[in-house]
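Asker: Following this line is work15.tsv, made up of TSV, C-alpha atoms:
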```
chain	number	residue	atom	x	y	z
A	115	MET	CA	0.00	0.00	0.00
A	116	LYS	CA	1.56	3.27	-1.13
A	117	LEU	CA	0.19	6.40	0.51
A	118	HIS	CA	1.07	10.02	-0.19
A	119	TRP	CA	-0.05	13.47	0.85
A	120	PRO	CA	-1.72	15.66	-1.80
A	121	ALA	CA	-0.16	19.01	-2.61
A	122	ALA	CA	-1.89	22.20	-1.40
A	123	ARG	CA	-1.09	25.32	0.56
A	124	HIS	CA	-3.23	24.04	3.46
A	125	LEU	CA	-3.22	20.30	4.27
A	126	TYR	CA	-5.86	19.20	6.76
A	127	LEU	CA	-5.52	15.76	8.33
A	128	SER	CA	-8.84	14.31	9.44
A	129	PRO	CA	-8.92	11.05	11.42
A	130	HIS	CA	-12.53	10.40	10.35
A	131	PRO	CA	-14.88	11.98	7.80
A	132	ASP	CA	-16.56	14.47	10.14
A	133	ASP	CA	-13.58	15.64	12.20
A	134	VAL	CA	-12.12	18.39	10.03
A	135	VAL	CA	-15.45	19.87	8.97
A	136	LEU	CA	-16.67	20.10	12.57
A	137	SER	CA	-13.35	21.46	13.83
A	138	CYS	CA	-12.12	23.65	10.95
A	139	GLY	CA	-14.91	23.94	8.38
A	140	GLY	CA	-15.26	27.69	8.75
A	141	MET	CA	-11.60	28.53	8.27
A	142	ILE	CA	-11.37	26.13	5.33
A	143	TRP	CA	-14.26	27.96	3.68
A	144	GLU	CA	-12.58	31.32	4.32
A	145	GLN	CA	-9.26	30.09	2.88
A	146	VAL	CA	-10.85	28.79	-0.30
A	147	GLN	CA	-12.77	32.04	-0.79
A	148	ARG	CA	-9.41	33.85	-0.71
A	149	GLY	CA	-8.18	31.63	-3.54
A	150	GLU	CA	-5.88	29.49	-1.38
A	151	THR	CA	-5.53	25.78	-2.15
A	152	VAL	CA	-6.88	23.35	0.44
A	153	ALA	CA	-6.60	19.56	0.63
A	154	VAL	CA	-8.25	17.30	3.19
A	155	VAL	CA	-6.98	13.79	3.87
A	156	THR	CA	-9.40	11.51	5.69
A	157	VAL	CA	-7.17	8.83	7.12
A	158	PHE	CA	-9.16	6.05	8.84
A	159	VAL	CA	-12.11	5.49	6.52
A	160	ASP	CA	-11.63	2.20	4.65
A	161	SER	CA	-14.09	-0.68	4.81
A	162	PRO	CA	-13.03	-3.73	6.83
A	163	SER	CA	-12.57	-7.09	5.18
A	164	PRO	CA	-15.94	-8.84	4.63
A	165	SER	CA	-14.52	-11.80	6.54
A	166	LEU	CA	-13.85	-9.73	9.68
A	167	LYS	CA	-15.97	-10.76	12.64
A	168	LEU	CA	-17.09	-7.51	14.21
A	169	SER	CA	-16.80	-7.07	17.96
A	170	ASP	CA	-20.06	-6.43	19.80
A	171	PHE	CA	-18.90	-2.84	20.25
A	172	ALA	CA	-18.26	-2.30	16.53
A	173	GLN	CA	-21.63	-3.87	15.71
A	174	SER	CA	-23.37	-1.50	18.11
A	175	LEU	CA	-21.77	1.46	16.36
A	176	HIS	CA	-22.82	0.09	12.98
A	177	ASP	CA	-26.40	-0.20	14.20
A	178	ARG	CA	-26.43	3.38	15.45
A	179	TRP	CA	-24.84	4.79	12.29
A	180	ARG	CA	-27.31	2.94	10.05
A	181	ALA	CA	-30.24	4.12	12.15
A	182	SER	CA	-29.07	7.75	11.91
A	183	ALA	CA	-28.72	7.71	8.11
A	184	SER	CA	-31.92	7.20	6.16
A	185	ASN	CA	-30.01	6.04	3.06
A	186	ALA	CA	-27.74	3.50	4.80
A	187	GLY	CA	-29.20	0.69	2.72
A	188	ASP	CA	-27.65	2.21	-0.40
A	189	PHE	CA	-24.15	1.29	0.79
A	190	PRO	CA	-22.45	-2.07	1.42
A	191	ASP	CA	-21.26	-1.08	4.90
A	192	PRO	CA	-21.12	1.95	7.22
A	193	PRO	CA	-17.58	2.99	6.20
A	194	ALA	CA	-18.77	3.24	2.58
A	195	LEU	CA	-21.64	5.39	3.80
A	196	ARG	CA	-19.22	7.60	5.73
A	197	ARG	CA	-16.95	8.00	2.69
A	198	ALA	CA	-19.93	9.22	0.69
A	199	GLU	CA	-20.89	11.64	3.46
A	200	ASP	CA	-17.30	12.86	3.50
A	201	ALA	CA	-17.27	13.63	-0.21
A	202	LYS	CA	-20.68	15.31	-0.15
A	203	SER	CA	-19.83	17.37	2.92
A	204	LEU	CA	-16.63	18.81	1.46
A	205	ALA	CA	-18.23	19.37	-1.96
A	206	ILE	CA	-20.96	21.40	-0.27
A	207	LEU	CA	-18.39	23.32	1.78
A	208	ASP	CA	-16.60	24.19	-1.49
A	209	SER	CA	-16.07	22.13	-4.63
A	210	ARG	CA	-12.49	23.41	-4.95
A	211	ILE	CA	-11.35	21.43	-1.89
A	212	THR	CA	-9.24	18.38	-2.78
A	213	LEU	CA	-10.28	15.26	-0.86
A	214	SER	CA	-8.15	12.14	-0.41
A	215	GLN	CA	-9.34	9.09	1.52
A	216	PHE	CA	-6.70	6.66	2.74
A	217	PRO	CA	-7.28	2.88	2.65
A	218	LEU	CA	-6.87	2.52	6.42
A	219	THR	CA	-9.64	1.29	8.69
A	220	ASP	CA	-11.09	2.87	11.79
A	221	CYS	CA	-9.57	1.51	15.00
A	222	ILE	CA	-12.76	-0.41	15.84
A	223	TYR	CA	-11.87	-2.79	12.99
A	224	ARG	CA	-8.16	-3.18	13.58
A	225	THR	CA	-6.88	-6.45	15.02
A	226	HIS	CA	-3.69	-7.80	16.52
A	227	PRO	CA	-1.42	-9.01	13.68
A	228	PHE	CA	-0.77	-12.36	15.38
A	229	THR	CA	-3.97	-13.19	17.25
A	230	ASP	CA	-6.56	-11.45	15.03
A	231	GLN	CA	-8.28	-10.25	18.19
A	232	PRO	CA	-9.81	-6.76	18.06
A	233	LEU	CA	-7.49	-4.16	19.56
A	234	TYR	CA	-10.25	-1.76	20.59
A	235	ALA	CA	-13.48	-3.53	21.47
A	236	SER	CA	-15.08	-1.18	24.00
A	237	GLU	CA	-15.92	2.47	24.55
A	238	GLU	CA	-13.20	2.61	27.21
A	239	SER	CA	-10.50	1.27	24.87
A	240	LEU	CA	-11.59	3.72	22.15
A	241	PHE	CA	-10.35	6.55	24.38
A	242	GLY	CA	-7.53	4.63	26.06
A	243	GLU	CA	-3.93	3.97	25.10
A	244	VAL	CA	-2.71	3.06	21.62
A	245	ASP	CA	-1.79	-0.61	21.38
A	246	PRO	CA	1.87	-0.95	20.26
A	247	ALA	CA	0.75	-3.73	17.91
A	248	ASP	CA	-1.68	-1.43	16.08
A	249	PRO	CA	-0.88	-1.92	12.36
A	250	ALA	CA	-1.81	1.71	11.59
A	251	LEU	CA	1.35	2.89	13.36
A	252	GLU	CA	3.67	1.18	10.89
A	253	LYS	CA	1.60	1.99	7.81
A	254	LEU	CA	1.56	5.71	8.57
A	255	SER	CA	5.13	5.95	9.84
A	256	ILE	CA	6.61	5.11	6.45
A	257	ILE	CA	4.93	8.05	4.68
A	258	PRO	CA	7.32	10.98	4.28
A	259	PRO	CA	6.20	14.37	5.62
A	260	PRO	CA	4.44	16.87	3.32
A	261	GLY	CA	6.61	19.03	1.08
A	262	GLU	CA	8.01	22.44	1.87
A	263	GLY	CA	5.64	25.36	1.81
A	264	MET	CA	2.61	23.37	2.96
A	265	LEU	CA	0.88	24.23	6.23
A	266	VAL	CA	-0.23	21.12	8.09
A	267	TYR	CA	-3.34	21.01	10.27
A	268	SER	CA	-3.40	18.16	12.80
A	269	PRO	CA	-5.87	17.14	15.49
A	270	LEU	CA	-4.75	18.17	18.95
A	271	SER	CA	-6.20	14.81	20.11
A	272	ILE	CA	-8.46	16.30	22.73
A	273	GLY	CA	-10.57	13.46	24.06
A	274	HIS	CA	-7.78	10.91	23.58
A	275	HIS	CA	-9.50	8.99	20.76
A	276	ILE	CA	-7.14	6.29	19.46
A	277	ASP	CA	-7.15	7.44	15.83
A	278	HIS	CA	-6.68	11.09	16.80
A	279	GLN	CA	-3.74	10.12	19.02
A	280	ILE	CA	-2.08	8.13	16.24
A	281	LEU	CA	-2.46	10.86	13.65
A	282	ARG	CA	-1.07	13.52	15.96
A	283	SER	CA	1.88	11.28	16.92
A	284	ILE	CA	2.74	10.86	13.23
A	285	VAL	CA	2.70	14.63	12.69
A	286	ASP	CA	4.79	15.22	15.82
A	287	GLY	CA	7.28	12.62	14.62
A	288	TRP	CA	7.96	14.53	11.42
A	289	GLY	CA	9.77	17.24	13.38
A	290	LEU	CA	8.50	20.02	11.15
A	291	ASP	CA	9.20	23.64	11.96
A	292	ALA	CA	6.60	24.78	14.48
A	293	ALA	CA	5.41	27.54	12.17
A	294	ARG	CA	4.25	24.92	9.63
A	295	VAL	CA	2.00	22.94	11.99
A	296	ARG	CA	-1.34	24.05	13.33
A	297	TYR	CA	-3.18	21.86	15.82
A	298	TYR	CA	-6.95	22.17	15.75
A	299	GLU	CA	-9.30	21.62	18.65
A	300	ASP	CA	-11.12	18.33	18.14
A	301	TYR	CA	-14.73	19.47	18.17
A	302	PRO	CA	-16.99	18.41	19.85
A	303	HIS	CA	-14.55	16.41	21.99
A	304	VAL	CA	-13.12	19.68	23.29
A	305	VAL	CA	-16.53	20.41	24.85
A	306	ILE	CA	-17.40	16.89	25.96
A	307	HIS	CA	-14.10	15.96	27.58
A	308	SER	CA	-13.10	19.41	28.86
A	309	ASN	CA	-9.42	18.47	28.93
A	310	LEU	CA	-7.99	21.19	26.69
A	311	GLN	CA	-5.88	22.62	29.50
A	312	GLN	CA	-4.31	19.22	30.17
A	313	ILE	CA	-2.76	19.49	26.70
A	314	VAL	CA	-2.05	23.21	26.35
A	315	GLY	CA	-1.10	24.12	29.92
A	316	GLN	CA	0.85	27.21	30.89
A	317	HIS	CA	4.39	25.85	30.57
A	318	ASN	CA	4.84	23.90	27.34
A	319	GLY	CA	4.88	26.62	24.72
A	320	TRP	CA	1.39	26.38	23.25
A	321	VAL	CA	0.17	29.59	21.62
A	322	PRO	CA	-3.50	30.00	20.57
A	323	HIS	CA	-4.51	31.53	17.25
A	324	VAL	CA	-8.21	32.37	16.90
A	325	MET	CA	-9.57	32.50	13.38
A	326	PRO	CA	-12.70	34.73	13.32
A	327	LEU	CA	-15.55	33.41	11.20
A	328	SER	CA	-18.03	35.39	9.14
A	329	GLU	CA	-21.70	34.43	9.22
A	330	ALA	CA	-21.27	33.05	5.70
A	331	ALA	CA	-18.43	30.81	6.88
A	332	LEU	CA	-20.46	29.55	9.84
A	333	LYS	CA	-23.44	28.76	7.61
A	334	ALA	CA	-21.22	26.90	5.15
A	335	LYS	CA	-19.61	24.90	7.96
A	336	ILE	CA	-22.94	23.91	9.50
A	337	LYS	CA	-24.45	22.95	6.15
A	338	ALA	CA	-21.41	20.78	5.40
A	339	ALA	CA	-21.42	19.17	8.86
A	340	ALA	CA	-25.11	18.33	8.48
A	341	GLN	CA	-24.22	15.95	5.63
A	342	HIS	CA	-22.71	13.52	8.16
A	343	HIS	CA	-26.13	12.06	8.94
A	344	SER	CA	-24.73	8.82	10.34
A	345	GLN	CA	-22.79	10.70	13.02
A	346	ILE	CA	-25.23	13.35	14.22
A	347	SER	CA	-26.81	11.07	16.84
A	348	THR	CA	-23.38	10.37	18.34
A	349	PHE	CA	-23.28	13.88	19.75
A	350	TRP	CA	-26.65	15.60	19.23
A	351	GLN	CA	-30.35	14.85	19.08
A	352	SER	CA	-30.84	16.67	15.78
A	353	VAL	CA	-29.18	18.79	13.10
A	354	ASP	CA	-30.73	21.88	14.70
A	355	ALA	CA	-29.09	20.97	18.01
A	356	MET	CA	-25.76	20.59	16.19
A	357	ASP	CA	-26.27	24.00	14.56
A	358	GLN	CA	-26.84	25.65	17.94
A	359	ALA	CA	-23.89	23.86	19.54
A	360	VAL	CA	-21.46	24.80	16.74
A	361	ARG	CA	-22.56	28.42	16.89
A	362	GLY	CA	-22.29	28.45	20.66
A	363	TYR	CA	-18.73	27.16	20.68
A	364	ALA	CA	-17.67	29.52	17.89
A	365	SER	CA	-19.08	32.41	19.91
A	366	SER	CA	-17.30	31.29	23.07
A	367	VAL	CA	-13.83	31.19	21.43
A	368	GLY	CA	-14.34	33.93	18.84
A	369	GLY	CA	-14.39	31.62	15.81
A	370	GLU	CA	-12.21	28.52	15.41
A	371	ARG	CA	-9.08	28.18	17.50
A	372	LEU	CA	-5.77	26.68	16.44
A	373	TRP	CA	-2.69	26.04	18.55
A	374	ILE	CA	0.99	26.35	17.62
A	375	GLN	CA	3.60	24.64	19.75
A	376	ALA	CA	6.00	27.57	19.75
A	377	GLY	CA	8.19	26.08	22.44
A	378	ARG	CA	9.94	23.70	20.01
A	379	PRO	CA	12.11	24.47	16.96
```
The structure in this file should be written as structure tokens.

Answerer:
Amino acid sequence: MKLHWPAARHLYLSPHPDDVVLSCGGMIWEQVQRGETVAVVTVFVDSPSPSLKLSDFAQSLHDRWRASASNAGDFPDPPALRRAEDAKSLAILDSRITLSQFPLTDCIYRTHPFTDQPLYASEESLFGEVDPADPALEKLSIIPPPGEGMLVYSPLSIGHHIDHQILRSIVDGWGLDAARVRYYEDYPHVVIHSNLQQIVGQHNGWVPHVMPLSEAALKAKIKAAAQHHSQISTFWQSVDAMDQAVRGYASSVGGERLWIQAGRP
């Protein structure tokens, strides 16, 4: 499997289809309106092997995702549904955004390479520690960093989700100049888990950068996020509730907030 990063001025790394739109959709819209090139890479979005025996936990997520999306029957499995939602969401945000979807599966499908046992088979493990045997670590570690001149946007991994942790660790391991890497607040995990300060405390060089959003940018972000029908019920009771929550958080921080780790080279 040969993976590569697309070329663009702004490269957004999204663990799952809805992460970047919910966290950065407004600033992406603003950047594209200014004529800047934007690429989004959705990393953990592939379908599992048909022969994989799902854990009870993975099956419960499948059931919820299918119930939330009225058109789930049009797709062979929930990851295929989520890939379609991903493409539609970004096309609605702006058709000039380049989307790449990597052939890597969500952590709920990944198994130990020797025992074939699921590595993350519970809600607790989903937000626990990364298993050293996780095959995603090796597959991502061999990809070279993006080329010079590209700004990289990585999840801050607020909430400690396995896939967010892995993606951030890959970005950190590249050793890029701090000015080239922006860490975005994983929304809505930043609200649910309330552990932002555990990551960006007073003494480790984190500097916030708030990106103000116009009303047009907010509307575009919310309309795009609403395309992720399978995921709305994970966090909200309705699209209207999501709309209100997104607007509320944007108001509380002044737009969308990024972090730069200025304390390192």

Asker: Show me, as an mmCIF file with C-alpha atoms, in the frame of the given file, the residues that have an atom within 9 Å of region 220-233 of chain A when counting all atoms listed in the file, minus same-chain residues fewer than 3 positions from it.

Answerer:
```cif
data_model
loop_
_atom_site.group_PDB
_atom_site.id
_atom_site.type_symbol
_atom_site.label_atom_id
_atom_site.label_comp_id
_atom_site.auth_asym_id
_atom_site.auth_seq_id
_atom_site.Cartn_x
_atom_site.Cartn_y
_atom_site.Cartn_z
ATOM 1 C CA PRO A 129 -8.920 11.050 11.420
ATOM 2 C CA HIS A 130 -12.530 10.400 10.350
ATOM 3 C CA VAL A 157 -7.170 8.830 7.120
ATOM 4 C CA PHE A 158 -9.160 6.050 8.840
ATOM 5 C CA VAL A 159 -12.110 5.490 6.520
ATOM 6 C CA ASP A 160 -11.630 2.200 4.650
ATOM 7 C CA SER A 161 -14.090 -0.680 4.810
ATOM 8 C CA PRO A 162 -13.030 -3.730 6.830
ATOM 9 C CA SER A 163 -12.570 -7.090 5.180
ATOM 10 C CA LEU A 166 -13.850 -9.730 9.680
ATOM 11 C CA LYS A 167 -15.970 -10.760 12.640
ATOM 12 C CA LEU A 168 -17.090 -7.510 14.210
ATOM 13 C CA SER A 169 -16.800 -7.070 17.960
ATOM 14 C CA PHE A 171 -18.900 -2.840 20.250
ATOM 15 C CA ALA A 172 -18.260 -2.300 16.530
ATOM 16 C CA PRO A 193 -17.580 2.990 6.200
ATOM 17 C CA SER A 236 -15.080 -1.180 24.000
ATOM 18 C CA SER A 239 -10.500 1.270 24.870
ATOM 19 C CA LEU A 240 -11.590 3.720 22.150
ATOM 20 C CA VAL A 244 -2.710 3.060 21.620
ATOM 21 C CA ASP A 245 -1.790 -0.610 21.380
ATOM 22 C CA ALA A 247 0.750 -3.730 17.910
ATOM 23 C CA ASP A 248 -1.680 -1.430 16.080
ATOM 24 C CA PRO A 249 -0.880 -1.920 12.360
ATOM 25 C CA ALA A 250 -1.810 1.710 11.590
ATOM 26 C CA ILE A 276 -7.140 6.290 19.460
ATOM 27 C CA ASP A 277 -7.150 7.440 15.830
#
```

Asker: Within 9 Å of region 358-369 of chain A, which residues of region 294-340 of chain A come that close, and what is the closest atom pair and distance in Å for each? Count all atoms listed in the file and give it as CSV.

Answerer:
```
residue,atom,partner,partner_atom,distance
A:Tyr301,CA,A:Val360,CA,8.7
A:Pro302,CA,A:Val360,CA,8.4
A:Val305,CA,A:Tyr363,CA,8.2
A:Val324,CA,A:Gly369,CA,6.3
A:Met325,CA,A:Gly369,CA,5.5
A:Pro326,CA,A:Gly369,CA,4.3
A:Leu327,CA,A:Gly369,CA,5.1
A:Ser328,CA,A:Gly369,CA,8.5
A:Leu332,CA,A:Arg361,CA,7.4
A:Lys335,CA,A:Val360,CA,9.0
A:Ile336,CA,A:Val360,CA,7.4
```

Asker: Generate the output file for the selected residues, C-alpha atoms, as a tab-separated table (two decimals), in the frame of the given file.

Answerer:
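selection06.tsv was written with the following content:
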```tsv
chain	number	residue	atom	x	y	z
A	301	TYR	CA	-14.73	19.47	18.17
A	302	PRO	CA	-16.99	18.41	19.85
A	305	VAL	CA	-16.53	20.41	24.85
A	324	VAL	CA	-8.21	32.37	16.90
A	325	MET	CA	-9.57	32.50	13.38
A	326	PRO	CA	-12.70	34.73	13.32
A	327	LEU	CA	-15.55	33.41	11.20
A	328	SER	CA	-18.03	35.39	9.14
A	332	LEU	CA	-20.46	29.55	9.84
A	335	LYS	CA	-19.61	24.90	7.96
A	336	ILE	CA	-22.94	23.91	9.50
```

Asker: What lies within 7 Å of Ala153 (chain A) using only C-alpha atoms, ignoring chain neighbours under 5 positions off, as a PDB file with C-alpha atoms, in the frame of the given file?

Answerer:
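Dumped everything to result.pdb:
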```
ATOM      1  CA  PRO A 120      -1.720  15.660  -1.800  1.00  0.00           C
ATOM      2  CA  ALA A 122      -1.890  22.200  -1.400  1.00  0.00           C
ATOM      3  CA  HIS A 124      -3.230  24.040   3.460  1.00  0.00           C
ATOM      4  CA  LEU A 125      -3.220  20.300   4.270  1.00  0.00           C
ATOM      5  CA  TYR A 126      -5.860  19.200   6.760  1.00  0.00           C
ATOM      6  CA  ILE A 211     -11.350  21.430  -1.890  1.00  0.00           C
ATOM      7  CA  THR A 212      -9.240  18.380  -2.780  1.00  0.00           C
ATOM      8  CA  LEU A 213     -10.280  15.260  -0.860  1.00  0.00           C
TER       9      LEU A 213
END
```

Asker: Just the number, please: distance in Å from CA of Ser308 (chain A) to CA of Val285 (chain A), one decimal.

Answerer: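 About the pair CA of Ser308 (chain A) and CA of Val285 (chain A): they are 23.1 Å apart.
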
Asker: Quick one: of A:Arg178, A:Lys337, A:Arg296, A:Arg123, who's nearest to Asp208 (chain A), counting all atoms listed in the file?

Answerer: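 Comparing A:Arg178, A:Lys337, A:Arg296, A:Arg123 against Asp208 (chain A), the winner is A:Lys337.
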
Asker: From the list A:Met264, A:Ala376, A:Ala194, A:Pro259, which residue is nearest Glu150 (chain A) when using only C-alpha atoms?

Answerer: A:Met264

Asker: To one decimal place in Å, what is the distance between CA of Thr348 (chain A) and CA of Pro246 (chain A)?

Answerer: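 Taking CA of Thr348 (chain A) and CA of Pro246 (chain A), their separation equals 27.7 Å.
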
Asker: Quote the spacing between CA of Glu199 (chain A) and CA of His307 (chain A) in Å to one decimal place.

Answerer: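 CA of His307 (chain A) lies at a distance of 25.4 Å from CA of Glu199 (chain A).
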
Asker: I'd like to know which of A:Glu262, A:Glu238, A:Glu299, A:Asp291 is closest to Trp373 (chain A), using only C-alpha atoms.

Answerer: A:Glu299

Asker: Considering only C-alpha atoms, can you say which of A:Gly139, A:Gly242, A:Gly315, A:Pro192 comes closest to His343 (chain A)?

Answerer: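 Looking at the shortest contact to His343 (chain A), the residue is A:Pro192.
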
Asker: Between A:Pro322, A:Gly263, A:Gly149, A:Pro269, which residue has the minimum interatomic distance to Arg294 (chain A), considering all atoms listed in the file?

Answerer: A:Gly263

Asker: Kindly indicate which residue among A:Ser271, A:Leu204, A:Ala330, A:Arg282 lies nearest to Asn309 (chain A), using all atoms listed in the file for the distances.

Answerer: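 Comparing A:Ser271, A:Leu204, A:Ala330, A:Arg282 against Asn309 (chain A), the winner is A:Ser271.
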